[in-house]
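Participant: Structure file target.csv (CSV, C-alpha atoms) right here:
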chain,number,residue,atom,x,y,z
A,1,MET,CA,0.0,0.0,0.0
A,2,ARG,CA,1.3,3.4,-1.0
A,3,THR,CA,1.1,6.2,1.5
A,4,THR,CA,-0.1,9.5,0.2
A,5,SER,CA,1.3,12.8,1.3
A,6,THR,CA,-1.9,13.5,3.3
A,7,ASP,CA,-1.4,10.2,5.2
A,8,PHE,CA,2.2,11.2,5.9
A,9,GLU,CA,1.2,14.7,6.9
A,10,ARG,CA,-1.6,13.4,9.1
A,11,ASN,CA,0.7,10.8,10.9
A,12,TRP,CA,3.8,12.9,11.1
A,13,GLY,CA,2.0,16.2,11.7
A,14,ALA,CA,0.2,14.6,14.7
A,15,ARG,CA,3.5,13.6,16.2
A,16,VAL,CA,5.2,16.9,15.6
A,17,SER,CA,2.2,18.9,16.8
A,18,THR,CA,2.3,17.2,20.2
A,19,ASN,CA,5.9,18.2,20.6
A,20,SER,CA,5.8,21.8,19.4
A,21,ALA,CA,3.4,24.7,19.2
A,22,GLY,CA,3.3,25.1,15.4
A,23,PRO,CA,4.4,23.7,12.1
A,24,VAL,CA,8.1,22.6,11.8
A,25,SER,CA,10.3,23.8,9.0
A,26,ALA,CA,12.3,21.5,6.9
A,27,SER,CA,15.6,22.8,8.4
A,28,GLU,CA,14.3,22.1,11.9
A,29,LEU,CA,13.3,18.6,10.9
A,30,ARG,CA,16.8,18.1,9.4
A,31,ARG,CA,18.4,19.4,12.6
A,32,ARG,CA,16.2,17.1,14.8
A,33,VAL,CA,17.2,14.1,12.6
A,34,ARG,CA,20.9,15.0,12.8
A,35,ALA,CA,20.5,15.3,16.6
A,36,ALA,CA,18.7,12.0,16.8
A,37,GLU,CA,21.5,10.4,14.7
A,38,ALA,CA,24.1,11.9,16.9
A,39,VAL,CA,22.5,10.5,20.0
A,40,LYS,CA,22.3,7.1,18.3
A,41,ALA,CA,26.0,7.3,17.4
A,42,LYS,CA,27.0,8.4,20.9
A,43,THR,CA,24.9,5.6,22.4
A,44,ARG,CA,26.6,3.0,20.1
A,45,GLU,CA,30.0,4.4,20.9
A,46,MET,CA,29.3,4.2,24.7
A,47,ALA,CA,27.9,0.7,24.4
A,48,ALA,CA,31.1,-0.4,22.5
A,49,GLU,CA,33.3,1.3,25.1
A,50,HIS,CA,31.3,-0.4,27.9
A,51,ALA,CA,31.6,-3.8,26.3
A,52,LEU,CA,35.4,-3.3,25.8
A,53,THR,CA,35.9,-2.2,29.4
A,54,ALA,CA,33.8,-5.1,30.7
A,55,ARG,CA,35.8,-7.5,28.6
A,56,GLU,CA,39.1,-6.1,29.9
A,57,ALA,CA,37.8,-6.5,33.4
A,58,ALA,CA,36.8,-10.0,32.8
A,59,VAL,CA,40.2,-10.9,31.4
A,60,LYS,CA,41.9,-9.3,34.4
A,61,ALA,CA,39.6,-11.2,36.7
A,62,ALA,CA,40.3,-14.5,34.9
A,63,LYS,CA,44.0,-13.9,35.2
A,64,ALA,CA,43.7,-13.1,38.9
A,65,LYS,CA,41.6,-16.2,39.5
A,66,GLU,CA,44.1,-18.4,37.7
A,67,GLU,CA,47.0,-16.9,39.8
A,68,ALA,CA,45.0,-17.5,42.9
A,69,ASP,CA,44.2,-21.1,41.9
A,70,VAL,CA,47.9,-21.7,41.3
A,71,THR,CA,48.9,-20.2,44.6
A,72,ALA,CA,46.2,-22.3,46.4
A,73,ARG,CA,47.5,-25.5,44.7
A,74,GLU,CA,51.1,-24.7,45.6
A,75,ALA,CA,50.1,-23.9,49.2
A,76,ALA,CA,48.3,-27.2,49.5
A,77,ALA,CA,51.4,-29.1,48.1
A,78,VAL,CA,53.7,-27.2,50.4
A,79,VAL,CA,51.8,-27.8,53.6
A,80,LEU,CA,51.4,-31.5,52.8
A,81,ARG,CA,55.1,-31.8,52.1
A,82,LEU,CA,56.0,-29.9,55.4
A,83,PHE,CA,53.7,-32.2,57.3
A,84,ASP,CA,55.2,-35.4,55.7
A,85,ASN,CA,52.2,-35.9,53.5
A,86,ASP,CA,49.9,-36.5,56.5
A,87,ALA,CA,46.7,-35.4,54.7
A,88,GLU,CA,44.5,-36.3,57.7
A,89,LEU,CA,46.5,-34.1,60.1
A,90,VAL,CA,46.5,-31.2,57.7
A,91,SER,CA,42.9,-31.7,57.0
A,92,GLU,CA,42.1,-31.4,60.7
A,93,LEU,CA,44.3,-28.4,61.2
A,94,LEU,CA,42.9,-26.5,58.2
A,95,GLY,CA,39.3,-27.7,58.3
A,96,VAL,CA,39.6,-28.8,54.6
A,97,PRO,CA,38.7,-32.3,53.4
A,98,ALA,CA,41.8,-34.4,52.9
A,99,GLU,CA,40.7,-35.5,49.5
A,100,GLU,CA,40.4,-31.8,48.4
A,101,LEU,CA,43.9,-31.1,49.7
A,102,GLU,CA,45.4,-34.1,47.9
A,103,ARG,CA,43.5,-33.2,44.7
A,104,GLU,CA,44.8,-29.6,44.8
A,105,ALA,CA,48.4,-30.6,45.6
A,106,LYS,CA,48.6,-33.3,43.0
A,107,PRO,CA,49.4,-31.0,39.9
A,108,VAL,CA,52.2,-29.2,41.7
A,109,THR,CA,55.6,-30.7,41.0
A,110,ALA,CA,58.0,-31.6,43.9
A,111,ALA,CA,60.5,-29.1,42.5
A,112,ARG,CA,58.0,-26.3,42.6
A,113,ALA,CA,57.0,-27.2,46.1
A,114,LYS,CA,60.7,-27.1,47.2
A,115,GLU,CA,61.1,-23.7,45.6
A,116,VAL,CA,58.1,-22.4,47.6
A,117,ILE,CA,59.4,-23.9,50.8
A,118,GLU,CA,62.8,-22.3,50.3
A,119,SER,CA,61.3,-18.9,49.7
A,120,LEU,CA,59.2,-19.3,52.8
A,121,ARG,CA,62.3,-20.3,54.8
A,122,ALA,CA,64.2,-17.3,53.4
A,123,ARG,CA,61.3,-15.0,54.5
A,124,ALA,CA,61.2,-16.6,57.9
A,125,GLU,CA,65.0,-16.1,58.4
A,126,ARG,CA,64.9,-12.4,57.5
A,127,PRO,CA,64.9,-10.1,60.5
A,128,ARG,CA,61.6,-8.4,60.9
A,129,THR,CA,61.8,-4.7,60.5
A,130,THR,CA,60.0,-2.9,63.3
A,131,ARG,CA,59.6,0.8,63.6
A,132,THR,CA,60.7,2.3,66.8
A,133,ARG,CA,57.8,4.0,68.6
A,134,LYS,CA,58.3,7.2,70.5
A,135,SER,CA,56.8,7.3,73.9
A,136,ARG,CA,53.9,9.7,74.4
A,137,ALA,CA,56.2,12.1,76.4
A,138,ASP,CA,58.7,12.2,73.6
A,139,ALA,CA,55.9,12.9,71.1
A,140,ALA,CA,54.5,15.6,73.3
A,141,ASP,CA,57.9,17.2,73.6
A,142,ALA,CA,58.4,17.1,69.9
A,143,SER,CA,55.1,18.7,69.1
A,144,SER,CA,55.6,21.5,71.7
A,145,SER,CA,59.0,22.3,70.4
A,146,THR,CA,57.7,22.6,66.8
A,147,SER,CA,54.6,24.7,67.8
A,148,GLY,CA,56.6,27.9,67.6
A,149,ALA,CA,56.0,28.9,71.2
A,150,PRO,CA,59.1,29.2,73.4
A,151,ALA,CA,59.6,26.2,75.7
A,152,PRO,CA,59.6,26.9,79.4
A,153,VAL,CA,63.0,27.0,81.1
A,154,VAL,CA,63.4,25.3,84.5
A,155,THR,CA,65.6,27.2,86.9
A,156,ALA,CA,67.8,25.8,89.6
A,157,ASP,CA,65.2,26.3,92.3
A,158,ASP,CA,62.6,24.2,90.2
A,159,SER,CA,60.5,27.3,89.4
A,160,ARG,CA,59.7,27.9,85.7
A,161,ALA,CA,60.6,31.0,83.9
A,162,ASP,CA,59.4,31.6,80.4
A,163,VAL,CA,62.0,32.5,77.8
A,164,ALA,CA,61.1,35.7,76.1
Spit out the file's structure as structure tokens when you get a sec.
Facilitator:
Amino acid sequence: MRTTSTDFERNWGARVSTNSAGPVSASELRRRVRAAEAVKAKTREMAAEHALTAREAAVKAAKAKEEADVTAREAAAVVLRLFDNDAELVSELLGVPAEELEREAKPVTAARAKEVIESLRARAERPRTTRTRKSRADAADASSSTSGAPAPVVTADDSRADVA
């Protein structure tokens, strides 16, 4: 069925008249069409950007999960090796089923388990670095001396005299 110009005007005109007060010029229609196309293009661009960002996040999460899985398998192998492969004892200590521990530890080679154990021993042998803490009195003295006010001077007879 072919639409006549009166059908078009009737259908299009009804839509336009609800949005504006009067007839719309051809240039205004072209401007609105360009604006609608610009919104569509921007929406497509944002959707593509969102999909790309989500994909990158999924790849990062997958890598992190794989690294965590490897670390968990190595840890299971190391703890079993350190406890002379006594899966029942380790199972009780960790609250993890022995079958699960053995299944996780199985893919880890003995050489890799030894490497992890050596790195743990090296970390354990390193001296721990501790920060020295100032006592509260030392901290108070340090803050009062930096406040800009002159510090009181104690005289020989234990009376205080402010330094001017």
Participant: Record the distance separating atom CA of A:Glu74 and atom CA of A:Arg112, expressed in Å with one decimal.
Facilitator: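 About the pair atom CA of A:Glu74 and atom CA of A:Arg112: they are 7.7 Å apart.
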Participant: Name the residues, using the chain letters and numbers of the file, that sit within 10 Å of (46.9, -25.6, 48.5) when counting all atoms listed in the file, and give them as number ranges by chain.
Facilitator: A: 69-80, 100-106, 108
Participant: Take atom CA of A:His50 and atom CA of A:Ala62 and report the distance between them in Å, one decimal.
Facilitator: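 Distance reported for this atom pair: 18.1 Å.
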Participant: Could you tell me how far atom CA of A:Glu125 sits from atom CA of A:Ala87, in Å to one decimal place?
Facilitator: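 According to the coordinates, atom CA of A:Ala87 and atom CA of A:Glu125 are separated by 26.9 Å.
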